[in-house]
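Containing PDB, C-alpha atoms: data-v9.pdb.
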ATOM      1  CA  MET A   1     139.116  15.900  96.668
ATOM      2  CA  LYS A   2     139.890  17.968  93.590
ATOM      3  CA  THR A   3     139.489  17.181  89.893
ATOM      4  CA  ILE A   4     142.681  17.451  87.830
ATOM      5  CA  GLN A   5     144.093  16.151  84.565
ATOM      6  CA  PHE A   6     146.418  13.161  84.346
ATOM      7  CA  ARG A   7     149.302  15.464  83.310
ATOM      8  CA  GLU A   8     148.649  17.634  86.353
ATOM      9  CA  ALA A   9     148.732  14.580  88.612
ATOM     10  CA  ILE A  10     152.151  13.683  87.204
ATOM     11  CA  ALA A  11     153.441  17.240  87.680
ATOM     12  CA  GLU A  12     152.076  17.397  91.226
ATOM     13  CA  ALA A  13     153.709  14.094  92.178
ATOM     14  CA  MET A  14     157.104  15.178  90.856
ATOM     15  CA  SER A  15     156.891  18.664  92.358
ATOM     16  CA  GLU A  16     155.819  17.426  95.787
ATOM     17  CA  GLU A  17     158.665  14.922  95.896
ATOM     18  CA  MET A  18     161.197  17.531  94.742
ATOM     19  CA  ARG A  19     160.065  19.862  97.530
ATOM     20  CA  ARG A  20     160.365  17.008 100.019
ATOM     21  CA  ASP A  21     163.787  15.765  98.879
ATOM     22  CA  GLU A  22     166.475  17.949  97.314
ATOM     23  CA  SER A  23     168.194  14.898  95.789
ATOM     24  CA  VAL A  24     165.269  14.448  93.352
ATOM     25  CA  TYR A  25     165.632  16.080  89.944
ATOM     26  CA  LEU A  26     163.996  15.803  86.495
ATOM     27  CA  MET A  27     165.893  15.304  83.247
ATOM     28  CA  GLY A  28     164.700  14.793  79.673
ATOM     29  CA  GLU A  29     163.888  16.290  76.301
ATOM     30  CA  GLU A  30     161.832  19.497  76.537
ATOM     31  CA  VAL A  31     161.016  19.028  80.233
ATOM     32  CA  ALA A  32     162.197  22.526  81.201
ATOM     33  CA  GLU A  33     161.796  25.465  78.797
ATOM     34  CA  TYR A  34     158.869  23.841  76.962
ATOM     35  CA  ASN A  35     157.161  22.633  80.179
ATOM     36  CA  GLY A  36     157.308  19.049  78.911
ATOM     37  CA  ALA A  37     156.349  17.589  75.546
ATOM     38  CA  TYR A  38     152.905  16.838  77.039
ATOM     39  CA  LYS A  39     153.009  19.667  79.614
ATOM     40  CA  ALA A  40     153.534  17.145  82.420
ATOM     41  CA  SER A  41     156.277  19.303  83.972
ATOM     42  CA  LYS A  42     154.521  22.648  83.580
ATOM     43  CA  GLY A  43     155.865  25.290  85.955
ATOM     44  CA  MET A  44     158.601  23.100  87.375
ATOM     45  CA  LEU A  45     161.522  24.993  85.807
ATOM     46  CA  ASP A  46     160.235  28.228  87.324
ATOM     47  CA  GLU A  47     160.019  26.667  90.772
ATOM     48  CA  PHE A  48     163.108  24.472  90.892
ATOM     49  CA  GLY A  49     165.494  26.086  88.410
ATOM     50  CA  PRO A  50     167.721  24.661  85.640
ATOM     51  CA  LYS A  51     169.899  22.573  87.973
ATOM     52  CA  ARG A  52     166.948  20.387  88.965
ATOM     53  CA  VAL A  53     164.785  20.540  85.817
ATOM     54  CA  ILE A  54     167.210  19.800  83.009
ATOM     55  CA  ASP A  55     166.632  19.921  79.250
ATOM     56  CA  THR A  56     168.712  17.369  77.373
ATOM     57  CA  PRO A  57     169.785  16.829  73.771
ATOM     58  CA  ILE A  58     168.098  14.091  71.738
ATOM     59  CA  ALA A  59     170.481  11.526  73.201
ATOM     60  CA  GLU A  60     168.628   8.963  75.331
ATOM     61  CA  LEU A  61     171.664   6.725  75.786
ATOM     62  CA  GLY A  62     173.641   9.668  77.120
ATOM     63  CA  PHE A  63     171.209  11.188  79.564
ATOM     64  CA  ALA A  64     170.020   7.788  80.803
ATOM     65  CA  GLY A  65     173.627   6.963  81.634
ATOM     66  CA  ILE A  66     174.237  10.317  83.333
ATOM     67  CA  ALA A  67     171.131   9.893  85.460
ATOM     68  CA  ILE A  68     171.974   6.308  86.446
ATOM     69  CA  GLY A  69     175.507   7.343  87.377
ATOM     70  CA  SER A  70     174.149  10.167  89.508
ATOM     71  CA  THR A  71     172.260   7.697  91.714
ATOM     72  CA  MET A  72     175.640   6.383  92.865
ATOM     73  CA  THR A  73     176.464   9.828  94.294
ATOM     74  CA  GLY A  74     173.227  10.182  96.245
ATOM     75  CA  ASN A  75     170.737  11.546  93.712
ATOM     76  CA  ARG A  76     167.224  10.324  92.877
ATOM     77  CA  PRO A  77     166.630  11.256  89.216
ATOM     78  CA  ILE A  78     163.431  11.168  87.208
ATOM     79  CA  VAL A  79     164.168  10.576  83.514
ATOM     80  CA  GLU A  80     161.410  11.504  81.093
ATOM     81  CA  TYR A  81     161.354   9.883  77.658
ATOM     82  CA  MET A  82     159.219  11.647  75.092
ATOM     83  CA  THR A  83     157.966   8.130  74.369
ATOM     84  CA  PHE A  84     159.186   4.745  75.531
ATOM     85  CA  ASN A  85     159.850   3.942  71.889
ATOM     86  CA  PHE A  86     162.836   6.278  72.302
ATOM     87  CA  SER A  87     164.003   4.436  75.413
ATOM     88  CA  LEU A  88     165.299   1.727  73.075
ATOM     89  CA  VAL A  89     168.227   4.036  72.338
ATOM     90  CA  GLY A  90     169.080   3.913  76.048
ATOM     91  CA  ILE A  91     167.903   0.395  76.855
ATOM     92  CA  ASP A  92     171.455  -0.835  77.374
ATOM     93  CA  GLN A  93     171.805   1.619  80.246
ATOM     94  CA  ILE A  94     168.453   0.583  81.734
ATOM     95  CA  ILE A  95     168.896  -3.191  81.433
ATOM     96  CA  ASN A  96     172.653  -3.587  81.863
ATOM     97  CA  ASN A  97     173.268  -0.844  84.408
ATOM     98  CA  ALA A  98     170.220   0.404  86.327
ATOM     99  CA  ALA A  99     168.692  -3.056  86.807
ATOM    100  CA  LYS A 100     171.970  -4.668  87.876
ATOM    101  CA  ILE A 101     173.846  -2.081  89.975
ATOM    102  CA  ARG A 102     172.574  -3.356  93.330
ATOM    103  CA  GLN A 103     173.440  -6.993  92.633
ATOM    104  CA  MET A 104     176.728  -6.433  90.799
ATOM    105  CA  SER A 105     178.007  -4.092  93.522
ATOM    106  CA  GLY A 106     177.175  -6.626  96.204
ATOM    107  CA  GLY A 107     174.629  -4.231  97.656
ATOM    108  CA  GLN A 108     177.121  -1.345  97.961
ATOM    109  CA  PHE A 109     175.081   0.815  95.565
ATOM    110  CA  LYS A 110     171.356   1.205  95.082
ATOM    111  CA  CYS A 111     169.771   2.793  92.024
ATOM    112  CA  PRO A 112     166.789   4.978  92.979
ATOM    113  CA  ILE A 113     165.676   6.202  89.557
ATOM    114  CA  VAL A 114     162.366   6.569  87.717
ATOM    115  CA  PHE A 115     162.168   6.290  83.926
ATOM    116  CA  ARG A 116     158.807   7.681  82.845
ATOM    117  CA  GLY A 117     156.946   8.604  79.662
ATOM    118  CA  PRO A 118     154.236   7.386  77.273
ATOM    119  CA  THR A 119     153.794   3.788  76.170
ATOM    120  CA  ALA A 120     151.804   1.982  73.455
ATOM    121  CA  SER A 121     149.764   3.575  70.675
ATOM    122  CA  ALA A 122     148.489   7.142  70.582
ATOM    123  CA  GLY A 123     146.588   7.377  67.326
ATOM    124  CA  GLN A 124     148.192   7.638  63.908
ATOM    125  CA  LEU A 125     151.838   7.630  64.967
ATOM    126  CA  ALA A 126     152.732   4.515  62.928
ATOM    127  CA  ALA A 127     154.806   1.455  63.732
ATOM    128  CA  THR A 128     157.893   2.881  65.439
ATOM    129  CA  HIS A 129     155.943   5.173  67.774
ATOM    130  CA  SER A 130     153.147   2.824  68.866
ATOM    131  CA  GLN A 131     154.812  -0.004  70.758
ATOM    132  CA  ALA A 132     154.106  -1.391  74.227
ATOM    133  CA  PHE A 133     157.244  -2.499  76.066
ATOM    134  CA  GLU A 134     155.798  -3.308  79.477
ATOM    135  CA  SER A 135     156.556  -7.008  79.150
ATOM    136  CA  TRP A 136     160.097  -6.282  77.882
ATOM    137  CA  PHE A 137     161.013  -4.328  80.994
ATOM    138  CA  ALA A 138     159.006  -6.577  83.335
ATOM    139  CA  ASN A 139     161.080  -9.513  82.082
ATOM    140  CA  THR A 140     164.175  -7.937  83.673
ATOM    141  CA  PRO A 141     164.991  -8.728  87.325
ATOM    142  CA  GLY A 142     165.828  -5.524  89.176
ATOM    143  CA  LEU A 143     163.208  -3.351  87.475
ATOM    144  CA  LYS A 144     159.742  -2.459  88.736
ATOM    145  CA  VAL A 145     157.093  -1.619  86.123
ATOM    146  CA  ILE A 146     154.082   0.614  86.783
ATOM    147  CA  VAL A 147     151.303   1.428  84.275
ATOM    148  CA  PRO A 148     148.562   3.624  85.811
ATOM    149  CA  SER A 149     145.211   4.239  84.155
ATOM    150  CA  ASN A 150     143.879   7.366  85.891
ATOM    151  CA  PRO A 151     145.083  10.544  87.675
ATOM    152  CA  TYR A 152     144.553   9.214  91.218
ATOM    153  CA  ASP A 153     146.629   6.099  90.657
ATOM    154  CA  ALA A 154     149.222   7.993  88.625
ATOM    155  CA  LYS A 155     149.979  10.516  91.362
ATOM    156  CA  GLY A 156     150.043   8.052  94.248
ATOM    157  CA  LEU A 157     152.144   5.500  92.409
ATOM    158  CA  LEU A 158     154.599   8.035  90.987
ATOM    159  CA  LYS A 159     155.302   9.392  94.460
ATOM    160  CA  SER A 160     155.982   5.846  95.656
ATOM    161  CA  ALA A 161     158.190   5.205  92.623
ATOM    162  CA  ILE A 162     160.306   8.307  93.310
ATOM    163  CA  ARG A 163     160.801   7.205  96.923
ATOM    164  CA  ASP A 164     161.702   3.640  95.938
ATOM    165  CA  ASP A 165     165.362   2.646  96.192
ATOM    166  CA  ASP A 166     165.229   0.512  93.034
ATOM    167  CA  PRO A 167     164.774   1.527  89.379
ATOM    168  CA  VAL A 168     161.154   1.949  88.332
ATOM    169  CA  ILE A 169     159.727   2.045  84.808
ATOM    170  CA  PHE A 170     156.659   4.323  84.956
ATOM    171  CA  MET A 171     154.586   4.117  81.772
ATOM    172  CA  GLU A 172     151.852   6.577  80.802
ATOM    173  CA  SER A 173     149.958   7.377  77.573
ATOM    174  CA  GLU A 174     149.692  10.418  75.343
ATOM    175  CA  GLN A 175     145.978   9.685  75.122
ATOM    176  CA  MET A 176     145.495   9.907  78.893
ATOM    177  CA  TYR A 177     147.254  13.187  79.692
ATOM    178  CA  GLY A 178     144.004  15.133  79.270
ATOM    179  CA  ASP A 179     141.888  12.655  81.268
ATOM    180  CA  LYS A 180     140.372  14.125  84.410
ATOM    181  CA  GLY A 181     139.868  12.439  87.754
ATOM    182  CA  ASP A 182     139.499  13.063  91.480
ATOM    183  CA  VAL A 183     142.688  13.322  93.530
ATOM    184  CA  PRO A 184     142.956  14.025  97.280
ATOM    185  CA  GLU A 185     143.980  17.529  98.319
ATOM    186  CA  GLY A 186     146.479  16.206 100.852
ATOM    187  CA  GLU A 187     149.483  13.904 100.839
ATOM    188  CA  TYR A 188     148.976  10.287  99.784
ATOM    189  CA  THR A 189     150.887   7.421  98.201
ATOM    190  CA  ILE A 190     149.838   4.096  96.713
ATOM    191  CA  PRO A 191     151.994   1.037  97.422
ATOM    192  CA  ILE A 192     153.753  -0.524  94.467
ATOM    193  CA  GLY A 193     152.584  -4.052  93.640
ATOM    194  CA  VAL A 194     148.953  -3.751  94.748
ATOM    195  CA  ALA A 195     146.195  -4.176  92.159
ATOM    196  CA  ASP A 196     142.824  -2.457  92.434
ATOM    197  CA  ILE A 197     139.389  -3.961  91.865
ATOM    198  CA  LYS A 198     137.791  -1.177  89.853
ATOM    199  CA  ARG A 199     134.458  -2.968  89.526
ATOM    200  CA  GLU A 200     133.050  -5.804  91.631
ATOM    201  CA  GLY A 201     131.471  -8.699  89.740
ATOM    202  CA  THR A 202     130.474 -12.344  90.003
ATOM    203  CA  ASP A 203     130.459 -13.949  86.525
ATOM    204  CA  VAL A 204     133.845 -13.226  84.944
ATOM    205  CA  THR A 205     137.141 -11.548  85.872
ATOM    206  CA  ILE A 206     138.659  -9.071  83.426
ATOM    207  CA  VAL A 207     142.286  -8.147  84.140
ATOM    208  CA  SER A 208     143.859  -5.153  82.404
ATOM    209  CA  PHE A 209     146.044  -2.064  82.959
ATOM    210  CA  GLY A 210     146.868   1.270  81.344
ATOM    211  CA  LYS A 211     144.629   3.152  78.953
ATOM    212  CA  ILE A 212     143.198   0.031  77.280
ATOM    213  CA  ILE A 213     141.288  -0.788  80.489
ATOM    214  CA  LYS A 214     138.735   1.827  79.386
ATOM    215  CA  GLU A 215     137.533  -0.700  76.799
ATOM    216  CA  ALA A 216     136.861  -3.158  79.616
ATOM    217  CA  TYR A 217     134.700  -0.571  81.382
ATOM    218  CA  LYS A 218     132.672   0.018  78.189
ATOM    219  CA  ALA A 219     132.229  -3.719  77.689
ATOM    220  CA  ALA A 220     131.169  -4.284  81.298
ATOM    221  CA  ASP A 221     128.480  -1.621  81.001
ATOM    222  CA  GLU A 222     127.042  -3.311  77.914
ATOM    223  CA  LEU A 223     127.293  -6.811  79.383
ATOM    224  CA  GLU A 224     125.528  -5.695  82.544
ATOM    225  CA  LYS A 225     122.465  -4.930  80.408
ATOM    226  CA  GLU A 226     122.455  -8.621  79.464
ATOM    227  CA  GLY A 227     122.765  -9.765  83.062
ATOM    228  CA  ILE A 228     126.494 -10.581  82.955
ATOM    229  CA  SER A 229     128.431  -9.273  85.951
ATOM    230  CA  CYS A 230     132.099  -8.434  85.256
ATOM    231  CA  GLU A 231     134.778  -7.957  87.879
ATOM    232  CA  ILE A 232     137.509  -5.640  86.568
ATOM    233  CA  ILE A 233     140.988  -5.693  88.076
ATOM    234  CA  ASP A 234     143.448  -2.923  87.240
ATOM    235  CA  LEU A 235     146.914  -4.377  87.821
ATOM    236  CA  ARG A 236     148.451  -0.886  88.091
ATOM    237  CA  THR A 237     151.817  -2.548  88.707
ATOM    238  CA  VAL A 238     152.971  -5.134  86.184
ATOM    239  CA  ARG A 239     156.076  -6.022  88.200
ATOM    240  CA  PRO A 240     155.793  -6.879  91.021
ATOM    241  CA  MET A 241     152.385  -8.267  90.063
ATOM    242  CA  ASP A 242     149.578  -8.657  92.583
ATOM    243  CA  ARG A 243     149.172 -12.363  91.934
ATOM    244  CA  LYS A 244     146.890 -12.893  94.925
ATOM    245  CA  ALA A 245     144.310 -10.362  93.705
ATOM    246  CA  VAL A 246     144.041 -12.093  90.320
ATOM    247  CA  VAL A 247     143.847 -15.623  91.727
ATOM    248  CA  GLU A 248     141.293 -14.749  94.406
ATOM    249  CA  SER A 249     139.062 -13.047  91.845
ATOM    250  CA  VAL A 250     139.190 -16.041  89.500
ATOM    251  CA  LYS A 251     138.319 -18.341  92.394
ATOM    252  CA  LYS A 252     135.180 -16.242  92.844
ATOM    253  CA  THR A 253     134.111 -15.812  89.200
ATOM    254  CA  ASN A 254     135.585 -19.015  87.690
ATOM    255  CA  ARG A 255     136.343 -17.278  84.396
ATOM    256  CA  LEU A 256     139.117 -14.992  83.170
ATOM    257  CA  VAL A 257     139.643 -12.581  80.290
ATOM    258  CA  VAL A 258     142.909 -10.618  80.063
ATOM    259  CA  LEU A 259     142.956  -7.391  78.050
ATOM    260  CA  GLU A 260     146.367  -5.965  77.133
ATOM    261  CA  GLU A 261     147.549  -3.535  74.481
ATOM    262  CA  ALA A 262     150.569  -5.531  73.360
ATOM    263  CA  TRP A 263     151.595  -8.081  70.759
ATOM    264  CA  PRO A 264     150.233 -11.558  71.503
ATOM    265  CA  PHE A 265     153.485 -13.500  71.953
ATOM    266  CA  GLY A 266     155.110 -13.692  75.388
ATOM    267  CA  ASN A 267     153.384 -10.752  77.067
ATOM    268  CA  VAL A 268     151.927  -9.854  80.467
ATOM    269  CA  ALA A 269     148.661 -11.635  79.603
ATOM    270  CA  THR A 270     150.643 -14.803  78.927
ATOM    271  CA  GLU A 271     152.167 -14.618  82.415
ATOM    272  CA  ILE A 272     148.734 -14.103  83.988
ATOM    273  CA  THR A 273     147.355 -17.065  82.056
ATOM    274  CA  TYR A 274     150.160 -19.283  83.377
ATOM    275  CA  LEU A 275     149.628 -17.973  86.902
ATOM    276  CA  VAL A 276     145.930 -18.835  86.899
ATOM    277  CA  GLN A 277     146.288 -22.268  85.354
ATOM    278  CA  SER A 278     149.005 -23.131  87.894
ATOM    279  CA  GLU A 279     147.297 -21.747  91.010
ATOM    280  CA  ALA A 280     143.558 -21.777  90.231
ATOM    281  CA  PHE A 281     143.113 -24.429  87.538
ATOM    282  CA  ASP A 282     140.434 -26.350  89.431
ATOM    283  CA  TYR A 283     138.341 -23.193  89.771
ATOM    284  CA  LEU A 284     138.179 -22.473  86.036
ATOM    285  CA  ASP A 285     134.914 -23.224  84.249
ATOM    286  CA  ALA A 286     136.338 -22.188  80.851
ATOM    287  CA  PRO A 287     139.729 -21.685  79.213
ATOM    288  CA  VAL A 288     141.338 -18.299  79.799
ATOM    289  CA  VAL A 289     140.988 -15.858  76.889
ATOM    290  CA  LYS A 290     143.528 -13.118  76.300
ATOM    291  CA  ILE A 291     142.953 -10.129  74.040
ATOM    292  CA  ASN A 292     145.910  -8.388  72.397
ATOM    293  CA  THR A 293     146.743  -6.281  69.374
ATOM    294  CA  ALA A 294     147.194  -7.948  66.001
ATOM    295  CA  ASP A 295     150.569  -9.662  65.606
ATOM    296  CA  THR A 296     151.955  -6.998  63.284
ATOM    297  CA  PRO A 297     153.635  -3.597  63.622
ATOM    298  CA  ALA A 298     151.063  -0.880  64.273
ATOM    299  CA  PRO A 299     149.571   0.411  61.002
ATOM    300  CA  TYR A 300     149.318   4.107  60.138
ATOM    301  CA  SER A 301     145.978   3.835  58.337
ATOM    302  CA  PRO A 302     143.138   4.788  60.729
ATOM    303  CA  VAL A 303     140.978   1.961  59.372
ATOM    304  CA  LEU A 304     143.705  -0.638  59.908
ATOM    305  CA  LEU A 305     144.654   0.832  63.286
ATOM    306  CA  GLU A 306     141.078   0.418  64.480
ATOM    307  CA  GLU A 307     141.229  -3.250  63.504
ATOM    308  CA  TRP A 308     144.690  -3.663  65.072
ATOM    309  CA  LEU A 309     143.760  -2.331  68.513
ATOM    310  CA  PRO A 310     141.605  -4.279  70.984
ATOM    311  CA  ASN A 311     138.237  -2.671  71.688
ATOM    312  CA  SER A 312     135.140  -3.147  73.805
ATOM    313  CA  ASN A 313     133.509  -5.402  71.203
ATOM    314  CA  ASP A 314     136.496  -7.742  71.450
ATOM    315  CA  VAL A 315     136.029  -7.826  75.216
ATOM    316  CA  ILE A 316     132.305  -8.560  74.893
ATOM    317  CA  LYS A 317     133.014 -11.448  72.506
ATOM    318  CA  ALA A 318     135.685 -12.845  74.825
ATOM    319  CA  VAL A 319     133.427 -12.670  77.869
ATOM    320  CA  LYS A 320     130.614 -14.403  76.023
ATOM    321  CA  LYS A 321     133.070 -17.054  74.872
ATOM    322  CA  VAL A 322     134.110 -17.920  78.435
ATOM    323  CA  MET A 323     130.419 -17.788  79.415
ATOM    324  CA  TYR A 324     129.623 -20.235  76.572
ATOM    325  CA  GLN A 325     127.101 -17.823  75.101
TER     326      GLN A 325
END

As structure tokens, please, write out the structure in this file.
Amino acid sequence: MKTIQFREAIAEAMSEEMRRDESVYLMGEEVAEYNGAYKASKGMLDEFGPKRVIDTPIAELGFAGIAIGSTMTGNRPIVEYMTFNFSLVGIDQIINNAAKIRQMSGGQFKCPIVFRGPTASAGQLAATHSQAFESWFANTPGLKVIVPSNPYDAKGLLKSAIRDDDPVIFMESEQMYGDKGDVPEGEYTIPIGVADIKREGTDVTIVSFGKIIKEAYKAADELEKEGISCEIIDLRTVRPMDRKAVVESVKKTNRLVVLEEAWPFGNVATEITYLVQSEAFDYLDAPVVKINTADTPAPYSPVLLEEWLPNSNDVIKAVKKVMYQ
């Protein structure tokens, strides 16, 4: 094993797949000359050249469309958005083209493409740069949605995403690029659609994904001091979701808290809540509690932002609520 940063895990995954398959290329704003806005493509221009690591204008609709079209001639593009907030400019291409090519062509064309970049809040970036769109994309048939929380998962899942023959939304975080973690020296992949139990527990299940799961870890450490054992499941893949892992955990612990950095209406936590009440209702000893951001655009003020975002104290309160404490 070796210890590397999240951004290095992303760069390694892309570079390894580009060495393996000449049809893979990277396109996006500042990915080449600048080594990536977050240095997640550092050194790739030098190795692969400007035909496979391509700087684009600030025109997400345009380069998303070019990349999607290139899949129909045998390419496997990786499109980097500087933030998924900017993907809204190209969302017509993602939703109405990438997600539907296979079906609307009667299976004549596949669309092996990865759209990747940061999601959700990253400090004081204000309302239009702090949005989580996981549930938006996961609502679309034809798209797969991956949100890793650490370097190991990021590398293994990104390699699988690049090899996948369907479009994949791969969502990261500006606040995780510097995170360090252990990654195997050799080749490995992680299958899409398989959750990971990050912490075994007996009293309550906490389901989360992405950078916000760190708050669940903090809460679990504090709750353990009070004799409360938390099982933490990292979904890793929002769509397809590992429904079995969630249901089996709830059958064991009989309680569920869902932590998600997203607005409260119609999100991934809502889907999980429905899943559990429909498939494990008789095992529940308390109503499911979901924790989300406040139902407002993200504030710029650091004081308001702290109140807006879920934190470990919110998780502790939710766990105690389902424990009737």

Residue list as an NGL selection string for point (145.1, 4.0, 83.3), cut-off 6 Å, only C-alpha atoms
:A and (148-150 or 210-211)

Evaluate the PyMOL selection byres ((chain A and resi 170-184) around 8) on the structure here and hand back the selected residues as a ChimeraX atom specification.
/A:1-7,9,38,40,84,114-122,134,145-152,158,161,168-169,185-188,210-211

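Separating CA of Met14 (chain A) from CA of Met82 (chain A) is a distance of 16.3 Å.
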
Picked residues, the PyMOL selection byres ((chain A and resi 87) around 10), as an mmCIF file with C-alpha atoms, in the coordinates of the input:
data_model
loop_
_atom_site.group_PDB
_atom_site.id
_atom_site.type_symbol
_atom_site.label_atom_id
_atom_site.label_comp_id
_atom_site.auth_asym_id
_atom_site.auth_seq_id
_atom_site.Cartn_x
_atom_site.Cartn_y
_atom_site.Cartn_z
ATOM 1 C CA ALA A 59 170.481 11.526 73.201
ATOM 2 C CA GLU A 60 168.628 8.963 75.331
ATOM 3 C CA LEU A 61 171.664 6.725 75.786
ATOM 4 C CA ALA A 64 170.020 7.788 80.803
ATOM 5 C CA GLU A 80 161.410 11.504 81.093
ATOM 6 C CA TYR A 81 161.354 9.883 77.658
ATOM 7 C CA MET A 82 159.219 11.647 75.092
ATOM 8 C CA THR A 83 157.966 8.130 74.369
ATOM 9 C CA PHE A 84 159.186 4.745 75.531
ATOM 10 C CA ASN A 85 159.850 3.942 71.889
ATOM 11 C CA PHE A 86 162.836 6.278 72.302
ATOM 12 C CA LEU A 88 165.299 1.727 73.075
ATOM 13 C CA VAL A 89 168.227 4.036 72.338
ATOM 14 C CA GLY A 90 169.080 3.913 76.048
ATOM 15 C CA ILE A 91 167.903 0.395 76.855
ATOM 16 C CA ASP A 92 171.455 -0.835 77.374
ATOM 17 C CA GLN A 93 171.805 1.619 80.246
ATOM 18 C CA ILE A 94 168.453 0.583 81.734
ATOM 19 C CA PHE A 115 162.168 6.290 83.926
ATOM 20 C CA ARG A 116 158.807 7.681 82.845
ATOM 21 C CA GLY A 117 156.946 8.604 79.662
ATOM 22 C CA PHE A 133 157.244 -2.499 76.066
#

Of A:Glu261, A:Val31, A:Arg20, A:Tyr300, the one nearest to Asp46 (chain A) when counting only C-alpha atoms is A:Val31

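You will find CA of Asn97 (chain A) at 19.2 Å from CA of Leu26 (chain A).
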
Axis-aligned box for all listed atoms of region 244-250 of chain A, 6 Å per side, centre and edges in Å to one decimal, as lines of an AutoDock Vina configuration file:
center_x = 143.0
center_y = -13.2
center_z = 92.2
size_x = 19.8
size_y = 17.7
size_z = 17.4

CA of Ala37 (chain A) sits from CA of Gly156 (chain A) at a separation of 21.9 Å

Would you pick out the contacts of Ile232 (chain A) at 6 Å or less, using only C-alpha atoms, so that residues sharing its chain but fewer than 5 positions from it are not included, and give the list as a ChimeraX atom specification?
/A:197-199,205-207

Just checking: using only C-alpha atoms, which residue out of A:Thr140, A:Ser70, A:Ser208, A:Asn75 ends up closest to Thr237 (chain A)?
A:Ser208

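Distances from A:Pro297, A:Gly69, A:Gly227, A:Pro191 to Arg163 (chain A) were compared using all atoms listed in the file, and the smallest one belongs to A:Pro191.
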
Evaluated on this file, the PyMOL selection byres ((chain A and resi 290) around 7) picks out some residues - which ones are they, written as a PyMOL selection string?
chain A and resi 257-259+269+288-289+291-292

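Proximity of A:Leu125, A:Ala98, A:Met27, A:Ala138 to Asp165 (chain A), computed with all atoms listed in the file, is greatest for A:Ala98.
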
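Closest approach to Tyr283 (chain A) among A:Val250, A:Pro299, A:Ile66, A:Leu157: A:Val250, based on all atoms listed in the file.
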
Can you pull out every residue within 9 Å of Ile228 (chain A), counting all atoms listed in the file, but drop anything in the same chain fewer than 2 positions away, and send it as an MDAnalysis selection string?
chainID A and resid 201:204 220 222:226 230 319:320 323

Kindly save the residues from that selection, with C-alpha atoms included, as a compact mmCIF listing (two decimals), keeping the file's coordinate frame.
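selection_10.txt, freshly written:
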# COMPACT_ATOMS: atom_id res chain seq x y z
CA GLY A 201 131.47 -8.70 89.74
CA THR A 202 130.47 -12.34 90.00
CA ASP A 203 130.46 -13.95 86.52
CA VAL A 204 133.84 -13.23 84.94
CA ALA A 220 131.17 -4.28 81.30
CA GLU A 222 127.04 -3.31 77.91
CA LEU A 223 127.29 -6.81 79.38
CA GLU A 224 125.53 -5.70 82.54
CA LYS A 225 122.46 -4.93 80.41
CA GLU A 226 122.46 -8.62 79.46
CA CYS A 230 132.10 -8.43 85.26
CA VAL A 319 133.43 -12.67 77.87
CA LYS A 320 130.61 -14.40 76.02
CA MET A 323 130.42 -17.79 79.42
